[in-house]
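Data from final_16.cif: mmCIF, C-alpha atoms
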data_target
#
loop_
_atom_site.label_atom_id
_atom_site.label_comp_id
_atom_site.auth_asym_id
_atom_site.auth_seq_id
_atom_site.Cartn_x
_atom_site.Cartn_y
_atom_site.Cartn_z
CA MET A 11 -25.37 42.26 40.50
CA TYR A 12 -26.06 42.70 36.78
CA VAL A 13 -29.46 41.43 35.61
CA GLY A 14 -31.27 41.31 32.28
CA PRO A 15 -33.82 39.26 30.34
CA GLY A 16 -31.07 37.21 28.73
CA TRP A 17 -30.98 35.10 31.88
CA MET A 18 -34.47 33.83 31.03
CA SER A 19 -33.60 32.75 27.49
CA LYS A 20 -33.61 29.09 26.51
CA GLY A 21 -30.99 29.85 23.87
CA GLY A 22 -28.12 30.19 26.32
CA ARG A 23 -25.58 27.61 27.41
CA TRP A 24 -26.54 26.63 30.93
CA GLU A 25 -24.90 24.34 33.45
CA SER A 26 -28.18 23.24 35.07
CA ASP A 27 -31.79 22.47 34.18
CA TYR A 28 -33.46 25.46 32.52
CA ALA A 29 -36.58 25.37 34.71
CA PHE A 30 -34.43 25.33 37.83
CA LEU A 31 -32.33 28.28 36.64
CA LEU A 32 -35.43 30.27 35.64
CA LYS A 33 -36.93 29.74 39.09
CA SER A 34 -33.64 30.78 40.71
CA TYR A 35 -33.62 33.98 38.67
CA LYS A 36 -37.24 34.82 39.46
CA ASP A 37 -36.73 34.10 43.16
CA GLY A 38 -33.64 36.32 43.17
CA MET A 39 -35.50 39.16 41.48
CA ALA A 40 -38.40 38.82 43.91
CA TYR A 41 -35.95 39.06 46.82
CA TYR A 42 -34.32 42.18 45.43
CA GLY A 43 -37.73 43.64 44.61
CA GLU A 44 -38.79 43.27 48.24
CA LEU A 45 -35.58 44.99 49.39
CA LYS A 46 -36.31 47.84 46.99
CA LYS A 47 -39.82 48.25 48.46
CA GLN A 48 -38.25 48.51 51.92
CA GLY A 49 -35.87 51.22 50.74
CA LEU A 50 -32.84 48.99 51.26
CA LEU A 51 -31.86 48.63 47.60
CA GLU A 52 -31.69 50.86 44.54
CA ASP A 53 -31.84 49.60 40.96
CA LEU A 54 -29.89 51.46 38.27
CA THR A 55 -29.35 51.32 34.56
CA MET A 56 -25.73 50.80 33.47
CA SER A 57 -25.31 54.52 32.67
CA GLU A 58 -26.77 55.47 36.05
CA PHE A 59 -24.45 53.03 37.76
CA ALA A 60 -21.50 54.57 35.90
CA ASP A 61 -22.43 58.00 37.30
CA VAL A 62 -22.65 56.67 40.86
CA TYR A 63 -19.38 54.77 40.42
CA ARG A 64 -17.51 57.88 39.25
CA GLN A 65 -18.74 59.86 42.25
CA ASP A 66 -17.47 57.23 44.67
CA ARG A 67 -14.29 55.98 43.00
CA PRO A 68 -11.26 58.18 42.22
CA TYR A 69 -9.85 57.64 38.74
CA THR A 70 -6.58 56.11 39.93
CA ARG A 71 -8.09 53.75 42.50
CA PRO A 72 -7.60 50.15 41.31
CA GLU A 73 -10.21 47.42 41.30
CA CYS A 74 -8.83 44.10 42.47
CA THR A 75 -9.96 40.87 44.02
CA LEU A 76 -8.44 37.59 45.15
CA TRP A 77 -10.98 35.15 43.75
CA LYS A 78 -11.28 31.59 45.01
CA ASP A 79 -13.23 28.68 43.61
CA ILE A 80 -16.14 27.81 45.89
CA LEU A 81 -18.36 26.17 43.26
CA TYR A 82 -16.21 23.07 42.82
CA GLY A 83 -14.18 23.23 46.05
CA SER A 84 -10.81 23.03 44.28
CA LYS A 85 -9.22 25.87 46.38
CA ARG A 86 -8.04 27.37 43.08
CA GLN A 87 -7.23 31.08 43.43
CA MET A 88 -7.00 33.91 40.91
CA PHE A 89 -6.11 37.56 41.48
CA TRP A 90 -7.61 40.15 39.13
CA TYR A 91 -6.37 43.73 39.03
CA ALA A 92 -7.35 46.75 36.93
CA ASP A 93 -6.34 50.40 37.04
CA PRO A 94 -5.82 53.13 34.40
CA SER A 95 -2.44 51.62 33.43
CA MET A 96 -3.15 47.93 33.09
CA ARG A 97 -5.33 44.95 33.75
CA PHE A 98 -3.76 41.66 34.73
CA PHE A 99 -4.51 38.27 36.21
CA LEU A 100 -2.30 36.19 38.55
CA TYR A 101 -2.97 32.45 38.64
CA MET A 102 -2.01 30.66 41.87
CA ASN A 103 -2.27 27.23 40.24
CA GLN A 104 0.79 28.34 38.25
CA GLY A 105 2.81 29.82 41.10
CA GLY A 106 1.32 33.29 40.73
CA ALA A 107 2.17 33.55 37.04
CA MET A 108 0.72 36.54 35.20
CA VAL A 109 -1.36 34.87 32.50
CA ASP A 110 -3.24 37.93 31.19
CA LEU A 111 -1.96 41.49 30.76
CA ARG A 112 -3.71 44.38 28.97
CA PRO A 113 -2.06 47.78 28.29
CA TYR A 114 -4.80 50.17 29.40
CA ALA A 115 -2.20 52.96 29.61
CA ALA A 116 -2.16 53.06 25.80
CA LYS A 117 -5.80 54.24 25.85
CA LEU A 118 -6.40 52.61 22.49
CA ILE A 119 -9.39 53.75 20.45
CA ARG A 120 -10.72 50.66 18.69
CA PRO A 121 -14.07 51.15 16.93
CA CYS A 122 -15.99 47.90 16.69
CA GLY A 123 -19.28 46.68 15.32
CA VAL A 124 -21.05 47.00 11.99
CA GLY A 125 -19.28 49.36 9.62
CA THR A 126 -15.86 49.09 11.27
CA LYS A 127 -12.84 46.87 10.64
CA ALA A 128 -13.71 44.91 13.80
CA ASN A 129 -17.26 43.78 13.17
CA GLN A 130 -17.23 40.99 15.79
CA ASP A 131 -13.97 41.41 17.73
CA ALA A 132 -14.51 44.00 20.47
CA SER A 133 -11.64 42.79 22.67
CA TYR A 134 -9.00 45.14 24.04
CA PRO A 135 -5.58 43.82 22.91
CA PHE A 136 -3.45 41.79 25.27
CA LEU A 137 0.31 41.69 25.78
CA VAL A 138 0.02 38.35 27.59
CA GLN A 139 -2.85 35.92 27.21
CA SER A 140 -2.01 32.34 28.10
CA LEU A 141 -5.23 30.74 26.83
CA TYR A 142 -4.79 32.24 23.37
CA ARG A 143 -0.98 31.94 23.22
CA ALA A 144 -0.25 28.59 24.94
CA GLY A 145 1.12 29.99 28.21
CA PHE A 146 3.84 28.09 30.06
CA PHE A 147 3.27 24.75 28.33
CA THR A 148 3.71 24.43 24.59
CA HIS A 149 3.83 21.28 22.49
CA TYR A 150 6.80 22.44 20.47
CA ALA A 151 10.15 24.13 21.08
CA GLY A 152 8.73 27.65 21.11
CA GLU A 153 7.46 29.72 24.01
CA GLY A 154 3.99 30.71 25.13
CA ALA A 155 2.94 34.06 26.54
CA VAL A 156 3.33 34.30 30.33
CA LYS A 157 4.98 36.40 33.05
CA SER A 158 6.75 34.17 35.55
CA CYS A 159 10.07 33.34 37.19
CA LYS A 160 12.60 30.51 36.86
CA ILE A 161 14.68 29.32 39.80
CA GLY A 162 17.88 27.48 38.93
CA HIS A 163 21.10 25.89 40.11
CA SER A 164 23.86 24.71 37.79
CA SER A 165 22.10 22.99 34.84
CA GLU A 166 18.78 22.54 36.70
CA GLN A 167 15.95 25.05 36.40
CA VAL A 168 12.37 25.09 37.68
CA ASP A 169 9.69 27.49 36.48
CA LEU A 170 7.34 28.67 39.23
CA CYS A 171 4.52 27.99 36.75
CA THR A 172 4.85 24.34 37.82
CA CYS A 173 4.40 25.14 41.53
CA ARG A 174 0.82 25.37 42.72
CA THR A 175 0.29 27.67 45.70
CA LEU A 176 -2.23 29.88 47.51
CA ALA A 177 -2.17 33.59 48.34
CA SER A 178 -3.43 36.22 50.76
CA PHE A 179 -4.37 39.85 50.13
CA SER A 180 -3.59 42.88 52.28
CA GLU A 181 -3.33 46.67 52.05
CA GLU A 182 -0.80 49.20 53.35
CA GLY A 183 -2.05 52.71 52.71
CA ASP A 184 -2.38 53.07 48.94
CA THR A 185 -0.50 49.81 48.25
CA ARG A 186 -2.25 46.51 47.56
CA ILE A 187 -0.20 43.41 48.39
CA VAL A 188 -0.58 39.83 47.19
CA THR A 189 1.56 37.47 49.30
CA LEU A 190 1.92 33.93 48.00
CA ASP A 191 2.50 30.93 50.24
CA PRO A 192 6.10 29.68 49.93
CA VAL A 193 6.77 26.82 47.52
CA THR A 194 9.45 24.15 47.87
CA ILE A 195 11.78 23.58 44.93
CA GLU A 196 13.83 20.39 44.91
CA PHE A 197 17.08 20.14 43.01
CA SER A 198 19.10 16.93 42.67
CA ASP A 199 20.91 17.28 46.00
CA PHE A 200 19.20 20.08 47.95
CA SER A 201 15.94 22.01 48.24
CA ILE A 202 14.89 25.60 48.83
CA ARG A 203 11.74 27.49 49.73
CA VAL A 204 10.78 30.49 47.61
CA GLN A 205 8.15 33.14 48.31
CA SER A 206 6.66 35.58 45.81
CA ILE A 207 5.14 38.94 46.73
CA PHE A 208 3.37 41.40 44.41
CA ARG A 209 3.05 45.04 45.53
CA LEU A 210 0.74 47.42 43.65
CA THR A 211 1.00 51.09 44.59
CA GLU A 212 -1.90 53.21 43.41
CA GLY A 213 -1.01 55.60 40.60
CA SER A 214 2.45 54.14 39.96
CA GLY A 215 1.60 52.17 36.82
CA GLU A 216 4.02 49.48 38.02
CA VAL A 217 3.89 46.02 39.53
CA GLU A 218 6.64 45.42 42.10
CA ILE A 219 7.57 41.72 42.22
CA ILE A 220 9.70 40.18 44.98
CA ARG A 221 11.15 36.67 44.66
CA ARG A 222 12.71 35.71 47.99
CA VAL A 223 14.66 32.55 48.89
CA LEU A 224 13.50 31.94 52.47
CA ASP A 225 15.83 29.05 53.25
CA SER A 226 17.95 26.31 51.70
CA THR A 227 19.18 22.91 52.86
CA LYS A 228 22.56 24.07 51.51
CA PRO A 229 22.73 27.75 52.52
CA ASP A 230 26.00 28.49 50.71
CA VAL A 231 24.93 27.19 47.28
CA ASP A 232 24.35 29.73 44.48
CA ILE A 233 20.78 30.02 43.22
CA SER A 234 19.76 31.86 40.05
CA ILE A 235 16.53 33.86 39.85
CA ASP A 236 15.28 34.65 36.35
CA GLU A 237 12.31 37.03 36.30
CA TYR A 238 10.90 37.10 32.76
CA ILE A 239 7.95 38.03 30.58
CA THR A 240 7.27 36.33 27.26
CA ALA A 241 4.75 38.41 25.37
CA CYS A 242 3.23 39.47 22.05
CA TYR A 243 0.06 41.38 21.25
CA GLY A 244 -3.33 40.55 19.79
CA THR A 245 -6.97 39.80 20.53
CA THR A 246 -7.22 36.20 19.27
CA GLU A 247 -5.15 33.01 19.14
CA TYR A 248 -3.78 33.98 15.73
CA PRO A 249 -0.33 35.64 15.64
CA GLU A 250 0.04 39.28 14.71
CA ASP A 251 2.92 40.87 12.79
CA LEU A 252 5.69 41.84 15.22
CA THR A 253 7.64 43.78 12.59
CA GLY A 254 8.38 47.20 14.07
CA VAL A 255 8.64 46.01 17.67
CA ARG A 256 11.89 47.22 19.25
CA LEU A 257 13.69 45.35 22.04
CA SER A 258 16.24 47.24 24.13
CA LEU A 259 18.58 46.78 27.09
CA THR A 260 20.12 49.71 28.93
CA GLY A 261 22.97 49.02 31.36
CA LEU A 262 25.45 51.13 33.24
CA GLU A 263 28.27 50.20 30.84
CA LYS A 264 26.54 49.36 27.55
CA SER A 265 23.25 49.07 25.71
CA GLU A 266 21.76 46.70 23.14
CA SER A 267 18.72 47.03 20.88
CA ILE A 268 17.17 45.34 17.85
CA ASP A 269 14.17 45.79 15.59
CA TYR A 270 12.14 42.59 15.57
CA ALA A 271 12.77 40.51 12.45
CA TYR A 272 11.99 36.89 13.48
CA GLN A 273 15.70 35.95 13.61
CA CYS A 274 16.00 34.38 17.11
CA ARG A 275 18.53 36.98 18.24
CA GLU A 276 19.49 37.34 21.89
CA ALA A 277 21.43 39.85 23.96
CA GLU A 278 22.42 40.22 27.62
CA VAL A 279 23.72 43.24 29.54
CA ASP A 280 25.20 43.32 33.05
CA ASN A 281 24.32 46.00 35.58
CA ILE A 282 20.94 46.38 33.93
CA GLN A 283 18.96 49.57 34.38
CA CYS A 284 16.05 48.76 32.09
CA ALA A 285 14.88 46.02 29.73
CA GLU A 286 12.12 47.21 27.45
CA ALA A 287 9.93 46.52 24.45
CA LEU A 288 8.30 49.17 22.28
CA ILE A 289 5.17 47.79 20.60
CA PRO A 290 3.90 50.52 18.22
CA GLN A 291 0.99 48.40 16.97
CA VAL A 292 -0.71 48.88 20.35
CA ASP A 293 1.09 52.15 21.28
CA THR A 294 2.65 50.46 24.31
CA HIS A 295 5.98 50.69 26.12
CA LEU A 296 6.65 47.63 28.30
CA SER A 297 9.63 47.74 30.65
CA MET A 298 11.31 45.92 33.53
CA ARG A 299 13.82 47.32 36.02
CA ALA A 300 15.56 45.84 39.03
CA HIS A 301 16.69 46.86 42.48
CA GLY A 302 20.45 46.49 42.94
CA GLN A 303 22.90 44.67 40.73
CA ALA A 304 21.40 42.30 38.16
CA ALA A 305 21.69 41.35 34.48
CA GLY A 306 19.07 41.88 31.81
CA TYR A 307 18.34 40.11 28.54
CA PHE A 308 15.98 39.94 25.61
CA ARG A 309 15.15 37.15 23.17
CA GLU A 310 13.59 37.47 19.74
CA GLY A 311 11.27 34.75 18.44
CA PHE A 312 10.79 33.24 15.01
CA SER A 313 7.88 32.73 12.63
CA PHE A 314 6.45 29.70 14.43
CA SER A 315 7.03 31.14 17.90
CA PRO A 316 6.23 34.84 17.37
CA MET A 317 6.98 36.08 20.88
CA TYR A 318 9.57 38.30 22.52
CA THR A 319 11.06 37.81 25.97
CA LEU A 320 12.42 40.36 28.44
CA GLY A 321 14.17 39.13 31.56
CA ILE A 322 16.23 40.11 34.58
CA THR A 323 18.51 37.63 36.36
CA LYS A 324 20.41 37.59 39.62
CA THR A 325 22.44 35.01 41.56
CA VAL A 326 21.72 34.78 45.29
CA LYS A 327 22.14 32.44 48.22
CA ALA A 328 19.68 31.56 50.98
CA LYS A 329 17.85 34.65 52.30
CA GLY A 330 18.59 36.46 49.02
CA GLU A 331 15.97 38.05 46.78
CA LEU A 332 15.36 39.64 43.40
CA ARG A 333 13.12 42.69 43.34
CA THR A 334 11.86 43.93 39.95
CA TRP A 335 9.26 46.35 38.63
CA LEU A 336 7.07 45.75 35.56
CA LYS A 337 5.66 48.89 33.97
CA VAL A 338 3.14 49.45 31.18
CA ALA A 339 3.06 52.91 29.63
CA LYS A 340 1.78 54.69 26.55
CA ALA A 341 4.45 54.75 23.83
CA SER A 342 3.46 57.94 22.02
#

Any chance you could put this one into structure tokens?
Amino acid sequence: MYVGPGWMSKGGRWESDYAFLLKSYKDGMAYYGELKKQGLLEDLTMSEFADVYRQDRPYTRPECTLWKDILYGSKRQMFWYADPSMRFFLYMNQGGAMVDLRPYAAKLIRPCGVGTKANQDASYPFLVQSLYRAGFFTHYAGEGAVKSCKIGHSSEQVDLCTCRTLASFSEEGDTRIVTLDPVTIEFSDFSIRVQSIFRLTEGSGEVEIIRRVLDSTKPDVDISIDEYITACYGTTEYPEDLTGVRLSLTGLEKSESIDYAYQCREAEVDNIQCAEALIPQVDTHLSMRAHGQAAGYFREGFSFSPMYTLGITKTVKAKGELRTWLKVAKAS
């Protein structure tokens, strides 16, 4: 628990009566003070805590938690994850969509404060940030920043962002696993159940994502799975210059690549090995790869939708799945 005198200030923005909150804080401190007297608690400065933390936690060990809303009883769940390669956030109200992604692998040095170019903005840049960059829903024809999956049949397509679900957390050795409850997707004349699983192996720098069709009311019907990430970079809601970003597809038979120029170009490659984006502004290499046969694509944005999209697609039937890996690495 982090404490400080700021909690006693009347200048803050509080959700309850100030006198009540002040009493709660004082009562909490008195309780911890009594535990300290009994030798059951130790208080540390932030630098002291950092020393203790480093002694107990190996560098590669991730910090993660499946958070649930208990304050308002909405059952809303969020999964936060951070390791030396990345920090991200999965939102179960949007089908487990990744709505925040930070490239820690780049190890960016960003001086901030008085006398620097970032006097107020001390944020570490994002690749995906749905609150700042609209996310799944946008009010115009462009795209927002999000990592999700689209399930389709013929001309119909449903984004898992529209499917609210819940999740459970488990561990297998050095792998953390987030297993989402299946969601039902209804097309015009049949329905399917889809389950998403995220596997996070310590030290790999990758997120393994499994999209599995558990069953279908028409088992022989083709179903498309489109695993995609629409991204950019920045620290605020204002767009940054994407000039210099390079989008590439590498397949067994051919490759495609472009330098970003806001021209709405697209490319697709069968038998994909890797779909990737090089973002030199934040010294980041973002890539996706798939297990087995699949196709890959990229899409370039335009001035009023300054995003890029990487995706991997596969056609399956009931019991089929698409397994992909998302990796964040340092570019230089």

| query | Do you have the CA of Glu266 in chain A-CA of Pro316 in chain A distance handy? | reply |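 Computing the Euclidean distance for CA of Glu266 in chain A and CA of Pro316 in chain A yields 20.4 Å.
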
Sorted by chain and rising residue number, which residues of range 18-135 of chain A lie within 10 Å of range 282-299 of chain A, and what are their closest atom pairs and distances in Å to one decimal, counting all atoms listed in the file, as a Markdown table?
| residue | atom | partner | partner_atom | distance |
| --- | --- | --- | --- | --- |
| A:Arg112 | CA | A:Thr294 | CA | 10.0 |
| A:Pro113 | CA | A:Thr294 | CA | 6.7 |
| A:Tyr114 | CA | A:Thr294 | CA | 9.0 |
| A:Ala115 | CA | A:Thr294 | CA | 7.6 |
| A:Ala116 | CA | A:Asp293 | CA | 5.6 |
| A:Lys117 | CA | A:Asp293 | CA | 8.5 |
| A:Leu118 | CA | A:Val292 | CA | 7.1 |
| A:Ile119 | CA | A:Val292 | CA | 10.0 |
| A:Tyr134 | CA | A:Val292 | CA | 9.8 |
| A:Pro135 | CA | A:Val292 | CA | 7.5 |

| request: Determine the nearest neighbour of Ile202 in chain A from the options A:Val109, A:Val326, A:Leu332, A:Ala29, counting only C-alpha atoms. | output: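 Closest to Ile202 in chain A, using only C-alpha atoms: A:Val326.
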
| said: Using the chain letters and numbers from this file, what does the PyMOL selection byres ((chain A and resi 81-95) around 7) select? Give the answer as JSON, numbers by chain. | reply: {"A": [70, 71, 72, 73, 74, 75, 76, 77, 78, 79, 80, 96, 97, 98, 99, 100, 101, 102, 103, 113, 114, 115, 176, 215, 338, 339]}

With C-alpha atoms retained, write the just-selected residues as a PDB file, in the frame of the given file.
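Full text of out33.pdb as output:
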ATOM      1  CA  THR A  70      -6.580  56.110  39.930  1.00  0.00           C
ATOM      2  CA  ARG A  71      -8.090  53.750  42.500  1.00  0.00           C
ATOM      3  CA  PRO A  72      -7.600  50.150  41.310  1.00  0.00           C
ATOM      4  CA  GLU A  73     -10.210  47.420  41.300  1.00  0.00           C
ATOM      5  CA  CYS A  74      -8.830  44.100  42.470  1.00  0.00           C
ATOM      6  CA  THR A  75      -9.960  40.870  44.020  1.00  0.00           C
ATOM      7  CA  LEU A  76      -8.440  37.590  45.150  1.00  0.00           C
ATOM      8  CA  TRP A  77     -10.980  35.150  43.750  1.00  0.00           C
ATOM      9  CA  LYS A  78     -11.280  31.590  45.010  1.00  0.00           C
ATOM     10  CA  ASP A  79     -13.230  28.680  43.610  1.00  0.00           C
ATOM     11  CA  ILE A  80     -16.140  27.810  45.890  1.00  0.00           C
ATOM     12  CA  MET A  96      -3.150  47.930  33.090  1.00  0.00           C
ATOM     13  CA  ARG A  97      -5.330  44.950  33.750  1.00  0.00           C
ATOM     14  CA  PHE A  98      -3.760  41.660  34.730  1.00  0.00           C
ATOM     15  CA  PHE A  99      -4.510  38.270  36.210  1.00  0.00           C
ATOM     16  CA  LEU A 100      -2.300  36.190  38.550  1.00  0.00           C
ATOM     17  CA  TYR A 101      -2.970  32.450  38.640  1.00  0.00           C
ATOM     18  CA  MET A 102      -2.010  30.660  41.870  1.00  0.00           C
ATOM     19  CA  ASN A 103      -2.270  27.230  40.240  1.00  0.00           C
ATOM     20  CA  PRO A 113      -2.060  47.780  28.290  1.00  0.00           C
ATOM     21  CA  TYR A 114      -4.800  50.170  29.400  1.00  0.00           C
ATOM     22  CA  ALA A 115      -2.200  52.960  29.610  1.00  0.00           C
ATOM     23  CA  LEU A 176      -2.230  29.880  47.510  1.00  0.00           C
ATOM     24  CA  GLY A 215       1.600  52.170  36.820  1.00  0.00           C
ATOM     25  CA  VAL A 338       3.140  49.450  31.180  1.00  0.00           C
ATOM     26  CA  ALA A 339       3.060  52.910  29.630  1.00  0.00           C
TER      27      ALA A 339
END

| Quick one: which residues end up in the PyMOL selection byres ((chain A and resi 197) around 12) for this structure, as a list in words? |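 Applied to this file, the PyMOL selection byres ((chain A and resi 197) around 12) selects Ile161, Gly162, His163, Ser164, Ser165, Glu166, Gln167, Val168, Thr194, Ile195, Glu196, Ser198, Asp199, Phe200, Ser201, Ile202, Arg203, Ser226, Thr227, Lys228, Val231 and Ile233 of chain A.
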
Please save C-alpha atoms of the selected residues as a PDB file, in the coordinates of the input.
ATOM      1  CA  ILE A 161      14.680  29.320  39.800  1.00  0.00           C
ATOM      2  CA  GLY A 162      17.880  27.480  38.930  1.00  0.00           C
ATOM      3  CA  HIS A 163      21.100  25.890  40.110  1.00  0.00           C
ATOM      4  CA  SER A 164      23.860  24.710  37.790  1.00  0.00           C
ATOM      5  CA  SER A 165      22.100  22.990  34.840  1.00  0.00           C
ATOM      6  CA  GLU A 166      18.780  22.540  36.700  1.00  0.00           C
ATOM      7  CA  GLN A 167      15.950  25.050  36.400  1.00  0.00           C
ATOM      8  CA  VAL A 168      12.370  25.090  37.680  1.00  0.00           C
ATOM      9  CA  THR A 194       9.450  24.150  47.870  1.00  0.00           C
ATOM     10  CA  ILE A 195      11.780  23.580  44.930  1.00  0.00           C
ATOM     11  CA  GLU A 196      13.830  20.390  44.910  1.00  0.00           C
ATOM     12  CA  SER A 198      19.100  16.930  42.670  1.00  0.00           C
ATOM     13  CA  ASP A 199      20.910  17.280  46.000  1.00  0.00           C
ATOM     14  CA  PHE A 200      19.200  20.080  47.950  1.00  0.00           C
ATOM     15  CA  SER A 201      15.940  22.010  48.240  1.00  0.00           C
ATOM     16  CA  ILE A 202      14.890  25.600  48.830  1.00  0.00           C
ATOM     17  CA  ARG A 203      11.740  27.490  49.730  1.00  0.00           C
ATOM     18  CA  SER A 226      17.950  26.310  51.700  1.00  0.00           C
ATOM     19  CA  THR A 227      19.180  22.910  52.860  1.00  0.00           C
ATOM     20  CA  LYS A 228      22.560  24.070  51.510  1.00  0.00           C
ATOM     21  CA  VAL A 231      24.930  27.190  47.280  1.00  0.00           C
ATOM     22  CA  ILE A 233      20.780  30.020  43.220  1.00  0.00           C
TER      23      ILE A 233
END

| query | Using all atoms listed in the file, which residues sit within 10 Å of Gly152 in chain A once same-chain residues fewer than 4 positions away are excluded, as a list in words? | reply | Ala144, Phe147, Thr148, Gly311, Phe312, Ser313, Phe314, Ser315, Pro316 and Met317 of chain A

| message | Translate the PyMOL selection byres ((chain A and resi 237) around 8) into a concrete residue list for this structure, as a list in words. | response |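 Output from the PyMOL selection byres ((chain A and resi 237) around 8), applied to this file: Ser158, Cys159, Lys160, Ile235, Asp236, Tyr238, Ile239, Gly321, Ile322, Thr323 and Thr334 of chain A.
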
| field | Spatial neighbours of Asn281 in chain A, max dist 7 Å, all atoms listed in the file, sep filter under 3 positions, as an NGL selection string | value | :A and (261-262 or 303-305)

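Here CA of Tyr307 in chain A is placed at a distance of 22.1 Å from CA of Asp251 in chain A.
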
| task | Work out how far CA of Val138 in chain A is from CA of Asp110 in chain A, in Å to one decimal. | result |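 Atom-to-atom, CA of Asp110 in chain A to CA of Val138 in chain A, that is 4.9 Å.
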
| field | Contacts of Gly105 in chain A at 10 Å (all atoms listed in the file; same-chain gap of 5+ positions) as a ChimeraX atom specification | value | /A:100,158-159,169-177,190-193,205-206

| task | Compile the contact shell of Thr211 in chain A as a ChimeraX atom specification: residues with an atom at most 8 Å away, counting all atoms listed in the file, same-chain residues fewer than 3 positions apart removed. | result | /A:184-186,214-217

| Pick from A:Asp225, A:Glu247, A:Glu278, A:Glu52: nearest to Phe136 in chain A, with all atoms listed in the file counted? | A:Glu247

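Compared by their closest atoms to Lys337 in chain A, and using only C-alpha atoms, the residues A:Glu263, A:Asp269, A:Asp230, A:Glu218 rank with A:Glu218 nearest.
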
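Using only C-alpha atoms, the contacts of Ile219 in chain A at a cut-off of 7 Å, with sequence neighbours closer than 3 positions omitted, comprise Ile207, Phe208, Arg209, Arg333, Thr334 and Trp335 of chain A.
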
| field | Which residue of A:Arg143, A:Arg309, A:Lys340, A:His301 approaches Arg256 in chain A most closely, using only C-alpha atoms | value | A:Arg309
